[in-house]
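Reproduced below: coords_24.pdb, with PDB, C-alpha atoms and all ligand atoms.
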ATOM      1  CA  MET J   1      53.356-115.714 -26.176
ATOM      2  CA  ILE J   2      51.078-113.849 -23.752
ATOM      3  CA  LYS J   3      49.221-116.658 -22.002
ATOM      4  CA  LYS J   4      48.027-115.033 -18.776
ATOM      5  CA  ALA J   5      45.621-112.160 -18.218
ATOM      6  CA  VAL J   6      44.804-110.326 -15.002
ATOM      7  CA  LEU J   7      41.301-108.908 -14.589
ATOM      8  CA  PRO J   8      40.809-106.693 -11.524
ATOM      9  CA  VAL J   9      37.183-107.080 -10.402
ATOM     10  CA  ALA J  10      37.282-106.386  -6.666
ATOM     11  CA  GLY J  11      35.901-102.819  -6.803
ATOM     12  CA  LEU J  12      32.823-101.812  -4.829
ATOM     13  CA  GLY J  13      30.971-100.484  -7.863
ATOM     14  CA  THR J  14      29.491 -97.608  -5.869
ATOM     15  CA  ARG J  15      28.419 -95.748  -9.007
ATOM     16  CA  PHE J  16      26.002 -98.574  -9.739
ATOM     17  CA  LEU J  17      24.314 -98.831  -6.350
ATOM     18  CA  PRO J  18      21.824-100.211  -5.555
ATOM     19  CA  ALA J  19      22.232-102.595  -8.534
ATOM     20  CA  SER J  20      25.742-103.492  -7.357
ATOM     21  CA  LYS J  21      24.745-104.164  -3.735
ATOM     22  CA  ALA J  22      24.205-107.909  -4.121
ATOM     23  CA  THR J  23      25.353-108.351  -7.726
ATOM     24  CA  PRO J  24      28.948-107.443  -8.634
ATOM     25  CA  LYS J  25      29.028-104.526 -11.043
ATOM     26  CA  GLU J  26      31.023-106.714 -13.450
ATOM     27  CA  MET J  27      28.087-109.140 -13.589
ATOM     28  CA  LEU J  28      25.587-106.507 -14.760
ATOM     29  CA  PRO J  29      24.567-107.462 -18.280
ATOM     30  CA  ILE J  30      24.994-105.565 -21.497
ATOM     31  CA  ILE J  31      21.916-107.124 -23.173
ATOM     32  CA  ASP J  32      22.354-110.790 -22.165
ATOM     33  CA  LYS J  33      26.035-111.094 -21.302
ATOM     34  CA  PRO J  34      27.725-109.864 -18.109
ATOM     35  CA  LEU J  35      30.161-107.027 -18.660
ATOM     36  CA  VAL J  36      33.129-109.082 -17.432
ATOM     37  CA  GLN J  37      32.538-111.787 -20.045
ATOM     38  CA  TYR J  38      33.299-109.370 -22.875
ATOM     39  CA  ALA J  39      36.823-108.815 -21.504
ATOM     40  CA  VAL J  40      37.271-112.549 -20.859
ATOM     41  CA  GLU J  41      36.298-113.293 -24.470
ATOM     42  CA  GLU J  42      38.666-110.613 -25.766
ATOM     43  CA  ALA J  43      41.471-112.260 -23.787
ATOM     44  CA  ILE J  44      40.686-115.826 -24.859
ATOM     45  CA  SER J  45      40.303-114.918 -28.513
ATOM     46  CA  ASN J  46      43.883-113.617 -28.358
ATOM     47  CA  GLY J  47      45.446-116.799 -27.061
ATOM     48  CA  ILE J  48      45.151-116.226 -23.306
ATOM     49  CA  GLU J  49      44.986-119.575 -21.475
ATOM     50  CA  GLU J  50      44.828-118.452 -17.856
ATOM     51  CA  ILE J  51      42.509-115.766 -16.507
ATOM     52  CA  ILE J  52      43.401-114.377 -13.078
ATOM     53  CA  PHE J  53      40.518-112.549 -11.458
ATOM     54  CA  ILE J  54      41.530-110.261  -8.619
ATOM     55  CA  THR J  55      38.300-110.368  -6.764
ATOM     56  CA  SER J  56      36.589-110.008  -3.433
ATOM     57  CA  PRO J  57      35.262-112.887  -1.299
ATOM     58  CA  LYS J  58      31.776-111.361  -1.624
ATOM     59  CA  LYS J  59      31.714-111.673  -5.398
ATOM     60  CA  LEU J  60      30.927-115.385  -5.593
ATOM     61  CA  SER J  61      28.741-115.041  -8.660
ATOM     62  CA  ILE J  62      31.756-114.253 -10.861
ATOM     63  CA  LYS J  63      33.250-117.661 -10.092
ATOM     64  CA  LYS J  64      29.865-119.324 -10.477
ATOM     65  CA  HIS J  65      29.463-117.690 -13.865
ATOM     66  CA  PHE J  66      32.711-119.128 -15.242
ATOM     67  CA  ASP J  67      32.224-122.579 -13.679
ATOM     68  CA  ILE J  68      30.416-125.299 -15.617
ATOM     69  CA  ASN J  69      26.770-125.463 -14.589
ATOM     70  CA  HIS J  70      26.088-129.230 -14.872
ATOM     71  CA  GLU J  71      22.595-129.062 -13.454
ATOM     72  CA  LEU J  72      21.255-126.494 -15.902
ATOM     73  CA  GLU J  73      23.165-128.218 -18.702
ATOM     74  CA  SER J  74      21.349-131.507 -18.133
ATOM     75  CA  ILE J  75      17.974-129.757 -17.834
ATOM     76  CA  LEU J  76      18.581-128.086 -21.198
ATOM     77  CA  LYS J  77      19.678-131.401 -22.751
ATOM     78  CA  ASP J  78      16.622-133.213 -21.403
ATOM     79  CA  SER J  79      14.314-130.541 -22.721
ATOM     80  CA  LYS J  80      15.999-130.628 -26.145
ATOM     81  CA  GLN J  81      17.300-127.072 -25.941
ATOM     82  CA  GLU J  82      20.836-127.998 -26.977
ATOM     83  CA  GLU J  83      21.152-124.914 -29.174
ATOM     84  CA  ILE J  84      21.568-122.705 -26.113
ATOM     85  CA  LEU J  85      24.102-124.946 -24.379
ATOM     86  CA  ASP J  86      27.021-123.009 -25.794
ATOM     87  CA  LYS J  87      25.679-119.857 -24.162
ATOM     88  CA  LEU J  88      25.633-121.643 -20.837
ATOM     89  CA  ASN J  89      29.053-123.309 -20.897
ATOM     90  CA  PRO J  90      30.856-121.852 -23.917
ATOM     91  CA  GLU J  91      33.188-124.175 -25.787
ATOM     92  CA  ILE J  92      35.915-121.490 -25.788
ATOM     93  CA  PHE J  93      36.082-121.610 -21.962
ATOM     94  CA  LYS J  94      36.709-125.364 -21.820
ATOM     95  CA  GLU J  95      40.523-125.267 -21.926
ATOM     96  CA  ILE J  96      40.877-122.080 -19.895
ATOM     97  CA  LYS J  97      42.170-122.034 -16.366
ATOM     98  CA  PHE J  98      40.339-119.501 -14.197
ATOM     99  CA  HIS J  99      42.068-118.337 -11.002
ATOM    100  CA  TYR J 100      40.439-116.296  -8.248
ATOM    101  CA  VAL J 101      42.675-114.272  -5.947
ATOM    102  CA  ASN J 102      41.091-112.273  -3.168
ATOM    103  CA  GLN J 103      42.051-108.637  -2.753
ATOM    104  CA  ASN J 104      41.035-108.191   0.836
ATOM    105  CA  GLU J 105      41.699-104.457   1.039
ATOM    106  CA  GLN J 106      40.566-101.844  -1.464
ATOM    107  CA  ASN J 107      44.041-100.417  -2.037
ATOM    108  CA  GLY J 108      43.824 -99.468  -5.686
ATOM    109  CA  LEU J 109      44.555-100.860  -9.137
ATOM    110  CA  GLY J 110      48.306-101.290  -8.568
ATOM    111  CA  HIS J 111      47.654-103.287  -5.410
ATOM    112  CA  ALA J 112      45.131-105.422  -7.320
ATOM    113  CA  VAL J 113      47.617-106.275 -10.078
ATOM    114  CA  LEU J 114      50.306-107.086  -7.482
ATOM    115  CA  GLN J 115      48.059-109.823  -6.070
ATOM    116  CA  ALA J 116      48.599-111.773  -9.320
ATOM    117  CA  GLU J 117      52.380-111.987  -8.880
ATOM    118  CA  ASP J 118      52.539-115.580  -7.614
ATOM    119  CA  ILE J 119      50.428-116.936 -10.455
ATOM    120  CA  VAL J 120      52.014-114.823 -13.191
ATOM    121  CA  GLY J 121      55.605-115.628 -12.176
ATOM    122  CA  ASN J 122      58.170-114.407 -14.688
ATOM    123  CA  ASP J 123      55.977-114.415 -17.777
ATOM    124  CA  PRO J 124      54.771-111.328 -19.618
ATOM    125  CA  PHE J 125      51.059-110.851 -18.975
ATOM    126  CA  ALA J 126      48.044-108.795 -19.989
ATOM    127  CA  VAL J 127      45.831-106.640 -17.787
ATOM    128  CA  LEU J 128      42.275-105.988 -18.911
ATOM    129  CA  LEU J 129      39.988-103.609 -17.028
ATOM    130  CA  PRO J 130      36.513-104.995 -17.707
ATOM    131  CA  ASP J 131      34.851-101.567 -17.278
ATOM    132  CA  ASP J 132      36.385-100.529 -20.572
ATOM    133  CA  LEU J 133      34.518-102.253 -23.357
ATOM    134  CA  PHE J 134      36.145-102.178 -26.767
ATOM    135  CA  PHE J 135      34.921-103.204 -30.194
ATOM    136  CA  SER J 136      37.161-103.167 -33.219
ATOM    137  CA  LYS J 137      38.031-105.377 -36.166
ATOM    138  CA  LYS J 138      41.353-106.171 -34.553
ATOM    139  CA  SER J 139      40.770-106.235 -30.802
ATOM    140  CA  CYS J 140      42.530-103.799 -28.489
ATOM    141  CA  LEU J 141      44.508-106.613 -26.855
ATOM    142  CA  SER J 142      45.521-107.967 -30.246
ATOM    143  CA  GLN J 143      46.842-104.507 -31.211
ATOM    144  CA  LEU J 144      48.989-104.539 -28.047
ATOM    145  CA  ILE J 145      50.236-108.079 -28.621
ATOM    146  CA  ASP J 146      51.487-107.040 -32.083
ATOM    147  CA  ILE J 147      53.520-104.253 -30.522
ATOM    148  CA  TYR J 148      54.817-106.518 -27.755
ATOM    149  CA  LYS J 149      56.036-109.006 -30.371
ATOM    150  CA  GLN J 150      58.072-106.234 -32.020
ATOM    151  CA  THR J 151      59.422-104.537 -28.901
ATOM    152  CA  ARG J 152      59.326-107.067 -26.019
ATOM    153  CA  SER J 153      58.604-104.000 -23.881
ATOM    154  CA  SER J 154      55.603-103.271 -21.710
ATOM    155  CA  VAL J 155      52.892-101.579 -23.759
ATOM    156  CA  ILE J 156      49.762 -99.650 -22.841
ATOM    157  CA  ALA J 157      46.663 -98.903 -24.900
ATOM    158  CA  VAL J 158      45.895 -95.195 -25.095
ATOM    159  CA  ASN J 159      43.424 -92.893 -26.770
ATOM    160  CA  LYS J 160      42.886 -89.162 -27.153
ATOM    161  CA  ILE J 161      40.519 -87.655 -24.635
ATOM    162  CA  GLU J 162      38.930 -84.197 -24.488
ATOM    163  CA  LYS J 163      40.804 -82.034 -22.002
ATOM    164  CA  VAL J 164      37.679 -81.572 -19.840
ATOM    165  CA  ASN J 165      37.710 -85.298 -19.073
ATOM    166  CA  ILE J 166      41.459 -85.837 -18.771
ATOM    167  CA  HIS J 167      41.387 -85.810 -14.931
ATOM    168  CA  LYS J 168      39.646 -89.218 -14.986
ATOM    169  CA  TYR J 169      42.599 -91.076 -16.536
ATOM    170  CA  GLY J 170      46.266 -91.942 -16.453
ATOM    171  CA  VAL J 171      47.910 -89.576 -18.965
ATOM    172  CA  ILE J 172      51.191 -90.066 -20.818
ATOM    173  CA  LYS J 173      53.873 -87.609 -21.847
ATOM    174  CA  PRO J 174      54.668 -88.796 -25.365
ATOM    175  CA  GLY J 175      58.202 -89.100 -26.660
ATOM    176  CA  GLU J 176      59.031 -90.253 -30.168
ATOM    177  CA  ILE J 177      55.927 -91.160 -32.188
ATOM    178  CA  LYS J 178      55.979 -93.614 -35.106
ATOM    179  CA  GLU J 179      52.514 -93.948 -36.605
ATOM    180  CA  LYS J 180      50.381 -95.473 -33.798
ATOM    181  CA  LEU J 181      53.349 -96.297 -31.588
ATOM    182  CA  ILE J 182      54.475 -93.818 -28.947
ATOM    183  CA  LYS J 183      57.471 -94.031 -26.666
ATOM    184  CA  VAL J 184      56.288 -93.137 -23.180
ATOM    185  CA  GLU J 185      58.418 -90.434 -21.530
ATOM    186  CA  ASP J 186      56.349 -90.018 -18.414
ATOM    187  CA  ILE J 187      52.945 -90.918 -17.043
ATOM    188  CA  VAL J 188      50.695 -89.267 -14.432
ATOM    189  CA  GLU J 189      47.567 -90.602 -12.763
ATOM    190  CA  LYS J 190      44.495 -88.380 -13.021
ATOM    191  CA  PRO J 191      46.176 -84.995 -13.479
ATOM    192  CA  SER J 192      44.178 -81.760 -13.491
ATOM    193  CA  HIS J 193      43.542 -80.458 -16.953
ATOM    194  CA  GLU J 194      46.212 -77.733 -16.441
ATOM    195  CA  GLU J 195      48.841 -80.254 -15.338
ATOM    196  CA  ALA J 196      48.118 -82.969 -17.903
ATOM    197  CA  PRO J 197      51.231 -83.631 -20.030
ATOM    198  CA  SER J 198      49.065 -84.368 -23.109
ATOM    199  CA  ASP J 199      45.569 -85.361 -24.155
ATOM    200  CA  ILE J 200      46.640 -89.007 -24.552
ATOM    201  CA  ALA J 201      45.006 -91.135 -21.866
ATOM    202  CA  VAL J 202      45.487 -94.706 -20.769
ATOM    203  CA  CYS J 203      42.566 -96.980 -21.566
ATOM    204  CA  GLY J 204      42.026-100.288 -19.859
ATOM    205  CA  ARG J 205      44.377-102.708 -21.638
ATOM    206  CA  TYR J 206      48.044-103.273 -20.845
ATOM    207  CA  ILE J 207      50.808-105.812 -21.456
ATOM    208  CA  PHE J 208      53.573-105.939 -18.878
ATOM    209  CA  ASN J 209      56.852-107.700 -18.463
ATOM    210  CA  ALA J 210      56.991-109.326 -15.041
ATOM    211  CA  SER J 211      59.483-106.639 -13.945
ATOM    212  CA  ILE J 212      56.460-104.408 -13.174
ATOM    213  CA  PHE J 213      55.904-106.401  -9.954
ATOM    214  CA  LYS J 214      59.156-105.168  -8.447
ATOM    215  CA  PHE J 215      57.977-101.587  -8.960
ATOM    216  CA  LEU J 216      54.465-102.297  -7.691
ATOM    217  CA  GLU J 217      56.002-103.675  -4.495
ATOM    218  CA  SER J 218      57.896-100.448  -3.864
ATOM    219  CA  THR J 219      55.083 -98.063  -4.856
ATOM    220  CA  ASN J 220      53.664 -96.027  -1.995
ATOM    221  CA  PHE J 221      50.081 -95.078  -1.376
ATOM    222  CA  ASP J 222      49.060 -91.922  -3.238
ATOM    223  CA  LYS J 223      47.103 -89.003  -1.764
ATOM    224  CA  PHE J 224      43.858 -90.968  -2.169
ATOM    225  CA  GLY J 225      45.258 -93.901  -0.189
ATOM    226  CA  GLU J 226      45.700 -96.109  -3.271
ATOM    227  CA  ILE J 227      48.634 -97.908  -4.868
ATOM    228  CA  GLN J 228      48.441 -96.796  -8.472
ATOM    229  CA  LEU J 229      49.495 -98.928 -11.414
ATOM    230  CA  THR J 230      50.410 -95.653 -13.122
ATOM    231  CA  ASP J 231      52.966 -94.842 -10.389
ATOM    232  CA  ALA J 232      54.630 -98.243 -10.850
ATOM    233  CA  ILE J 233      54.799 -97.654 -14.628
ATOM    234  CA  LYS J 234      56.450 -94.297 -13.919
ATOM    235  CA  LYS J 235      59.170 -96.135 -11.960
ATOM    236  CA  LEU J 236      59.497 -98.832 -14.609
ATOM    237  CA  LEU J 237      60.326 -96.061 -17.101
ATOM    238  CA  TYR J 238      63.636 -95.397 -15.327
ATOM    239  CA  GLU J 239      64.811 -98.916 -16.182
ATOM    240  CA  GLU J 240      62.961-100.032 -19.303
ATOM    241  CA  GLU J 241      61.311 -98.643 -22.392
ATOM    242  CA  VAL J 242      57.528 -98.548 -22.256
ATOM    243  CA  PHE J 243      55.379 -97.980 -25.307
ATOM    244  CA  ALA J 244      51.854 -96.741 -25.806
ATOM    245  CA  SER J 245      49.714 -97.792 -28.709
ATOM    246  CA  ILE J 246      46.882 -95.594 -29.951
ATOM    247  CA  TYR J 247      43.828 -97.799 -29.881
ATOM    248  CA  GLU J 248      41.796 -97.824 -33.050
ATOM    249  CA  GLY J 249      38.186 -98.755 -32.556
ATOM    250  CA  GLU J 250      35.114 -98.142 -30.443
ATOM    251  CA  LYS J 251      35.350 -97.662 -26.695
ATOM    252  CA  PHE J 252      32.611 -97.597 -24.071
ATOM    253  CA  ASP J 253      33.339 -96.567 -20.501
ATOM    254  CA  CYS J 254      30.996 -98.972 -18.739
ATOM    255  CA  GLY J 255      32.198 -97.743 -15.351
ATOM    256  CA  SER J 256      29.833 -94.802 -15.883
ATOM    257  CA  LYS J 257      26.068 -95.031 -16.295
ATOM    258  CA  GLN J 258      26.200 -93.066 -19.540
ATOM    259  CA  GLY J 259      28.811 -95.393 -21.028
ATOM    260  CA  PHE J 260      26.950 -98.470 -19.843
ATOM    261  CA  VAL J 261      23.698 -97.306 -21.448
ATOM    262  CA  HIS J 262      25.556 -96.220 -24.600
ATOM    263  CA  ALA J 263      27.051 -99.708 -24.942
ATOM    264  CA  THR J 264      23.667-101.308 -24.273
ATOM    265  CA  ILE J 265      21.907 -99.259 -26.964
ATOM    266  CA  THR J 266      24.722 -99.800 -29.469
ATOM    267  CA  LEU J 267      24.766-103.576 -28.983
ATOM    268  CA  ALA J 268      20.967-103.763 -28.999
ATOM    269  CA  LEU J 269      20.938-102.041 -32.385
ATOM    270  CA  ARG J 270      23.479-104.589 -33.642
ATOM    271  CA  ASP J 271      21.631-107.633 -32.344
ATOM    272  CA  GLU J 272      19.598-108.917 -35.264
ATOM    273  CA  SER J 273      17.094-110.646 -33.014
ATOM    274  CA  ILE J 274      15.984-107.382 -31.371
ATOM    275  CA  SER J 275      17.343-104.464 -33.423
ATOM    276  CA  HIS J 276      14.148-103.968 -35.438
ATOM    277  CA  ASP J 277      12.047-103.559 -32.288
ATOM    278  CA  ILE J 278      14.638-101.443 -30.524
ATOM    279  CA  LYS J 279      14.841 -99.006 -33.450
ATOM    280  CA  LYS J 280      11.059 -98.642 -33.331
ATOM    281  CA  ILE J 281      11.113 -98.062 -29.572
ATOM    282  CA  ILE J 282      13.869 -95.444 -29.820
ATOM    283  CA  LYS J 283      11.978 -93.629 -32.589
ATOM    284  CA  GLU J 284       8.851 -93.571 -30.453
ATOM    285  CA  ILE J 285      10.739 -92.195 -27.473
ATOM    286  CA  VAL J 286      12.569 -89.429 -29.290
TER     287      VAL J 286
HETATM  288  C1  LIG J 301      42.150 -96.745 -14.123
HETATM  289  C2  LIG J 301      43.617 -96.317 -14.205
HETATM  290  C3  LIG J 301      43.785 -95.138 -15.150
HETATM  291  C4  LIG J 301      43.209 -95.480 -16.515
HETATM  292  C5  LIG J 301      41.743 -95.943 -16.369
HETATM  293  C6  LIG J 301      41.216 -96.447 -17.711
HETATM  294  O1  LIG J 301      41.435 -95.712 -13.504
HETATM  295  O2  LIG J 301      44.072 -96.005 -12.903
HETATM  296  O3  LIG J 301      45.148 -94.819 -15.276
HETATM  297  O4  LIG J 301      43.292 -94.362 -17.370
HETATM  298  O5  LIG J 301      41.624 -97.003 -15.425
HETATM  299  O6  LIG J 301      39.868 -96.756 -17.617
HETATM  300  P1  LIG J 301      39.950 -95.972 -12.897
HETATM  301  O7  LIG J 301      39.004 -95.878 -14.056
HETATM  302  O8  LIG J 301      39.962 -97.309 -12.262
HETATM  303  O9  LIG J 301      39.741 -94.855 -11.921
END
Kindly return the structure encoded in the file as C-alpha cells.
Ligand code: G1P
Amino acid sequence: MIKKAVLPVAGLGTRFLPASKATPKEMLPIIDKPLVQYAVEEAISNGIEEIIFITSPKKLSIKKHFDINHELESILKDSKQEEILDKLNPEIFKEIKFHYVNQNEQNGLGHAVLQAEDIVGNDPFAVLLPDDLFFSKKSCLSQLIDIYKQTRSSVIAVNKIEKVNIHKYGVIKPGEIKEKLIKVEDIVEKPSHEEAPSDIAVCGRYIFNASIFKFLESTNFDKFGEIQLTDAIKKLLYEEEVFASIYEGEKFDCGSKQGFVHATITLALRDESISHDIKKIIKEIV
C-alpha cells in the first residue's frame, strides 16, 4: 500500500566535520554498513519499492553505493569470494527503483520533502530520516503502516523525551489517546522547554497522504530561514486528522556524535564475529 519512501540526505553534516567534508554524513559506517543503508533496509523490508533520495549534487557516493558495482562483483567471483557478493549488491535491492532528486538550496526538511512531489504523485508515502536509527522486533515504519491501514490518515512516529532535550524536536499536543495511538491536536517545531505542549516528540519516521504537498507549498520560511515539515503538518491539521504512534523499540540519534558512538558500540556487541573482542576491549578501557 505504501510503495514510495522519501529519504532526505542533502544536509551538510556539519556536526561530523571533518569526516563529512568529502564523505556524506549518511555514508559514515556503523560498523560496516553506511548509516543510510539501515533506513533503506527498513523501508524495503516493509514493502517499499521506490526510494527517493533528496540529495545534493556533491553526494555522488550515495548513488554509487546503491548502484550495482559490476567490476568489484566480477573480481569477487573470479577470486571465489561469492559469499560476500550479497554484501556488495544485496539481493533485496534488485527490484528497487532508486531516484535521486537534487535539493540545490539548504531550505530545511519541509523543502526537502517537497522536492519529491513529482515522483510521489498522489500516492501515500513514507518519510524516513536516516539520522534516526531504530531497532525493534516490529520496525518503526511497520508500526506506522499498521496505523495507516486502520486510519488512512497521515501518521507520525513519536516518543517521550526528557524536557531538557525537548527543544531539539518537533513536539505534539496530544488529543485523544487510545493505547499507543494519539490524535494530534497541534504540533510545534523545536519549542523551548517552557513552551513545549508535551514531552512527546516526533522521531524520524512519517507516513503522509499526498495532500501534505499542498501545505508544504504554502509554508513560509521560519525564523531560522527553513521550511519546516512540522509547520506543514500544523496546516494539514486544519483539514485532516493526523495521528501519532508511540514508537516501541530502541532509538539512536546518529545525528549526534554520542548517538552515533552509542549505536556503534551496541551493534558491535551484537555482532557475533566481533562481540567477544569488543567486550574485552571495553572491559580493559573502563
Ligand atoms: C527533524 C524534524 C523534527 C524531528 C526530528 C527527529 O529535526 O524537523 O521535527 O523531531 O527531525 O529527528 P532535525 O533533527 O533535522 O533538526
Interface rows for chain J against ligand LIG 301 (chain J): nearest pair, Å to one decimal, 6 Å, all atoms listed in the file, as a Markdown table:
| residue | atom | partner | partner_atom | distance |
| --- | --- | --- | --- | --- |
| J:Asp132 | CA | J:LIG301 | O6 | 5.9 |
| J:Tyr169 | CA | J:LIG301 | O4 | 3.5 |
| J:Gly170 | CA | J:LIG301 | O3 | 3.3 |
| J:Glu189 | CA | J:LIG301 | O3 | 5.5 |
| J:Ala201 | CA | J:LIG301 | O4 | 5.8 |
| J:Val202 | CA | J:LIG301 | O4 | 4.1 |
| J:Cys203 | CA | J:LIG301 | C6 | 4.1 |
| J:Gly204 | CA | J:LIG301 | C6 | 4.5 |
| J:Thr230 | CA | J:LIG301 | O3 | 5.7 |
Any idea what the distance is between CA of Ile187 (chain J) and CA of Pro174 (chain J)? 8.8 Å
Point (49.9, -110.1, -26.9) neighbourhood (10 Å, all atoms listed in the file) written as number ranges by chain: J: 1-5, 43, 46-48, 124-126, 140-149, 152, 155, 206-208
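Nearest residue to Ile62 (chain J) among J:Ile30, J:Leu216, J:Val9, J:Ala112 is J:Val9, counting only C-alpha atoms.
Neighbouring residues of Lys223 (chain J) at 12 Å or closer, counting only C-alpha atoms and skipping chain neighbours under 5 positions away, are J:Asn107, J:Gly108, J:Glu189, J:Lys190, J:Gln228, J:Asp231.
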Just the residues within 10 Å of region 16-27 of chain J, please, counting all atoms listed in the file, with nothing from its chain fewer than 4 positions along; format it as a ChimeraX atom specification. /J:8-12,33-37,55-56,58-62,65,130-131,254-257
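The space between CA of Leu181 (chain J) and CA of Ser245 (chain J) spans 4.9 Å.
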Could you expand the PyMOL selection byres (((chain J and resi 104) around 8) and not hetatm) into the explicit residues it covers here, written as a PDB file with C-alpha atoms, in the frame of the given file?
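As a result, result_18.pdb now contains:
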ATOM      1  CA  SER J  56      36.589-110.008  -3.433  1.00  0.00           C
ATOM      2  CA  PRO J  57      35.262-112.887  -1.299  1.00  0.00           C
ATOM      3  CA  ASN J 102      41.091-112.273  -3.168  1.00  0.00           C
ATOM      4  CA  GLN J 103      42.051-108.637  -2.753  1.00  0.00           C
ATOM      5  CA  GLU J 105      41.699-104.457   1.039  1.00  0.00           C
ATOM      6  CA  GLN J 106      40.566-101.844  -1.464  1.00  0.00           C
TER       7      GLN J 106
END
Computed gap from CA of Pro191 (chain J) to CA of Leu236 (chain J) is 19.2 Å
Spatial neighbours of Ile182 (chain J), 8 Å, only C-alpha atoms, chain gap at least 3 places, as a list in words: Pro174, Gly175, Glu176, Ile177, Lys178, Glu179, Phe243, Ala244, Ser245 and Ile246 of chain J
Just checking: using only C-alpha atoms, which residue out of J:Leu7, J:Leu114, J:Ala232, J:Leu133 ends up closest to Asp253 (chain J)? J:Leu133
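Closest approach to Ala116 (chain J) among J:Asp222, J:Asp271, J:Glu91, J:Glu217 is made by J:Glu217 (distances from all atoms listed in the file).
With distances taken over all atoms listed in the file, J:Ala263 is the one residue among J:Ala263, J:Leu109, J:Ala268, J:Ile285 lying closest to Phe134 (chain J).
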When you look at Phe215 (chain J) with a cut-off of 12 Å (counting all atoms listed in the file), what residues show up, excluding the ones that are within fewer than 4 positions of it in the same chain? I need them as a ChimeraX atom specification. /J:110-111,113-114,117,208-211,219-220,227-240
Since I can't run it myself right now, could you work out what the PyMOL selection byres (((chain J and resi 98) around 9) and not hetatm) selects here and report it as an mmCIF file with C-alpha atoms, in the coordinates of the input?
data_model
loop_
_atom_site.group_PDB
_atom_site.id
_atom_site.type_symbol
_atom_site.label_atom_id
_atom_site.label_comp_id
_atom_site.auth_asym_id
_atom_site.auth_seq_id
_atom_site.Cartn_x
_atom_site.Cartn_y
_atom_site.Cartn_z
ATOM 1 C CA GLU J 49 44.986 -119.575 -21.475
ATOM 2 C CA GLU J 50 44.828 -118.452 -17.856
ATOM 3 C CA ILE J 51 42.509 -115.766 -16.507
ATOM 4 C CA ILE J 52 43.401 -114.377 -13.078
ATOM 5 C CA PHE J 53 40.518 -112.549 -11.458
ATOM 6 C CA LYS J 63 33.250 -117.661 -10.092
ATOM 7 C CA PHE J 66 32.711 -119.128 -15.242
ATOM 8 C CA ASP J 67 32.224 -122.579 -13.679
ATOM 9 C CA ILE J 96 40.877 -122.080 -19.895
ATOM 10 C CA LYS J 97 42.170 -122.034 -16.366
ATOM 11 C CA HIS J 99 42.068 -118.337 -11.002
ATOM 12 C CA TYR J 100 40.439 -116.296 -8.248
#
